[in-house]
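**Q** Structure below; questions to follow.
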Amino acid sequence: MPELEYALPDHAGELRRLRARAAGLLVTCPLSQDNPFDCPLRSVRLRPMRERYRWLDSLAPAQLSGLIAQHTDCLLRKENERHEPA
């Protein structure tokens with residue numbers, strides 16, 4: 001029988017992956033390489049880096065997941081807009 005700790009989901013690992021993905025969003029928009037006016041992270045990106053990471057560390061896992069999902073949806077939408085015929 002496997003050890004119980006190996007049978008459980010790796011919640012700490014998943015949280016680290018979410019934080020790593022979100023950390024990249026604290027610097028710039030991955031699509032436009034700037035800080036779009038309509039981005040919900042705009043005001044966070046205007047803070048000093050240390051404050052940005054403190055803010056990120058204060059988020060609950062559900063908030064991190066929501067942030068990643070929101071940015072993934074935005075990225076897909078903007079990519080589709082770029083490739084639509086004029």
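Note on naming: chains are A, B, ... as they come in the structure tokens, residues start from 1 per chain, ligands start from 1 in the order shown.
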For segment 75-85 of chain A, work out the shell of residues within 12 Å, counting only C-alpha atoms and skipping chain neighbours fewer than 4 positions away, then give it as a CSV table (one decimal) with C-alpha atoms, in the first residue's frame.

**A**
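This went into part.csv:
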chain,number,residue,atom,x,y,z
A,25,LEU,CA,1.9,38.8,-14.9
A,29,CYS,CA,1.2,41.9,-20.1
A,30,PRO,CA,2.6,38.7,-21.9
A,31,LEU,CA,0.9,39.7,-25.1
A,32,SER,CA,1.6,43.4,-25.5
A,33,GLN,CA,4.6,43.7,-23.2
A,36,PRO,CA,-2.7,47.9,-20.7
A,38,ASP,CA,-8.0,47.7,-19.2
A,39,CYS,CA,-5.9,45.2,-17.2
A,68,ILE,CA,-4.8,33.2,-14.1
A,69,ALA,CA,-8.1,32.3,-15.7
A,70,GLN,CA,-9.0,35.9,-16.3
A,71,HIS,CA,-5.6,36.6,-17.9

**Q** Which neighbours of Thr28 of chain A fall inside 10 Å, counting only C-alpha atoms, when residues of the same chain fewer than 6 positions from it are skipped, and could you give them as a count of residues only?

**A** 6

**Q** Can you measure atom CA of Cys74 of chain A to atom CA of Pro48 of chain A for me? One decimal in Å is fine.

**A**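 So the answer is 24.4 Å.
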
**Q** What gap, in Å, lies between atom CA of Met49 of chain A and atom CA of Gly66 of chain A?

**A**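 Separating atom CA of Met49 of chain A from atom CA of Gly66 of chain A is a distance of 21.4 Å.
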
**Q** Quick one, how far is atom CA of Arg50 of chain A from atom CA of Asp73 of chain A?

**A**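 So the answer is 27.0 Å.
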
**Q** Considering only C-alpha atoms, can you say which of A:Leu59, A:Leu64, A:Val27, A:Ala20 comes closest to Leu46 of chain A?

**A**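 When distances to Leu46 of chain A are compared using only C-alpha atoms, the smallest one comes from A:Val27.
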
**Q** Which residue gives the smallest distance to Ser65 of chain A among A:Ala23, A:Val44, A:Leu18, A:Ala12, with only C-alpha atoms counted?

**A**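 The answer is A:Leu18, which sits nearest to Ser65 of chain A.
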